[in-house]
Amino acid sequence: MLTFILKGMGMSAGLIMAIGSQNAHVLRMGLRRQHVGLTVVICIACEILLILAGVAGVGGAINSQPFLLALARWGGAAFLLWYGLRSLRAAFQQQSLVTAAGDLNLTAGKAVLAVLGATLLNPHTYLDTVVLLGAIGGQQPGDGKYWFALGAVLNATIWFAALGFGARLLAPLFARPVAWRVMDTLIGVVMLLLAANLALA
């Protein structure tokens with residue numbers, strides 16, 4: 001049991017901890033201290049649903065359909081390209097440099113839509129959770145796939161909670177405009193690299 005849980009946590013960590021649109025959004029909300037709990041809970045809930053769907057067999061089904069894989073691949077590349085260019089553009093715009101919660105007031109409804117967009121509109125999310133984790137988890141013998149899924153969910157829970165609520169520790173650093181510029185630039189570059197890697201895979 002423990003072996004499967006640790007395997008699930010390790011595989012999930014390798015995928016989820018990379019810089020992506022979802023992590024970038026959680027970090028931004030944490031730095032601005034806006035709807036952090038709501039954002040974290042939605043991210044965790046989405047991970048749970050997608051991982052369970054993958055382990056239940058959706059990942060294997062998609063993996064066996066070249067058309068669906070190609071759709072996810074090129075859709076993911078397009079989304080990452082758009083997100084990367086948006087981040088690079090934000091690095092040179094004043095609104096990306098605010099850290100105070102009052103400077104960017106989001107209602108709870110808008111916060112929900114924002115995190116759902118960053119999570120569910122990114123096809124790369126489905127490749128990581130449903131296809132990759134689902135395919136690997138589904139191959140575990142017996143009840144091992146459920147313990148694997150539990151490990152992946154535990155890692156996602158720990159990661160998003162730490163990222164969202166731990167971001168406030170970085171607030172003094174991001175009080176300086178240059179820090180936001182650097183972060184947006186790095187995120188933009190990484191997103192473009194991921195898009196190129198996905199398109200050329």
# chains A, B, ... in the order shown; residues from 1 in each chain; ligands from 1
call {"tool": "closest_atom_pairs", "arguments": {"of": "range 5-55 of chain A", "to": "range 83-90 of chain A", "cutoff": "12 Å", "atoms": "only C-alpha atoms", "output": "CSV"}}
result
residue,atom,partner,partner_atom,distance
A:Ile19,CA,A:Gly84,CA,11.2
A:Gly20,CA,A:Tyr83,CA,9.2
A:Ser21,CA,A:Tyr83,CA,7.1
A:Gln22,CA,A:Tyr83,CA,10.7
A:Ala24,CA,A:Ser87,CA,9.8
A:His25,CA,A:Ser87,CA,11.1
A:Arg28,CA,A:Ser87,CA,12.0
call {"tool": "residues_around", "arguments": {"residues": "range 74-79 of chain A", "least_positions_apart": "2", "cutoff": "8 Å", "atoms": "only C-alpha atoms", "output": "list of chain:residue names"}}
result
A:Ala70, A:Leu71, A:Ala72, A:Leu81, A:Trp82, A:Tyr83, A:Leu121, A:Asn122, A:Pro123, A:His124, A:Leu194, A:Ala195, A:Ala196, A:Leu198, A:Ala199
call {"tool": "atom_distance", "arguments": {"atom1": "CA of Leu15 in chain A", "atom2": "CA of Val112 in chain A"}}
result
23.2 Å
call {"tool": "closest_residue", "arguments": {"among": "A:Ala45, A:Val190, A:Ala167, A:Phe160", "to": "Arg33 in chain A", "atoms": "only C-alpha atoms"}}
result
A:Ala167
call {"tool": "select_by_dssp", "arguments": {"residues": "range 18-158 of chain A", "states": "helix (DSSP H, G or I)", "output": "number ranges by chain"}}
result
A: 21-32, 36-63, 66-90, 94-97, 101-103, 108-120, 123-138, 144-158
call {"tool": "residues_around", "arguments": {"residues": "Thr3 in chain A", "least_positions_apart": "4", "cutoff": "10 Å", "atoms": "only C-alpha atoms", "output": "VMD selection string"}}
result
chain A and resid 7 to 9 144 147 to 148 151
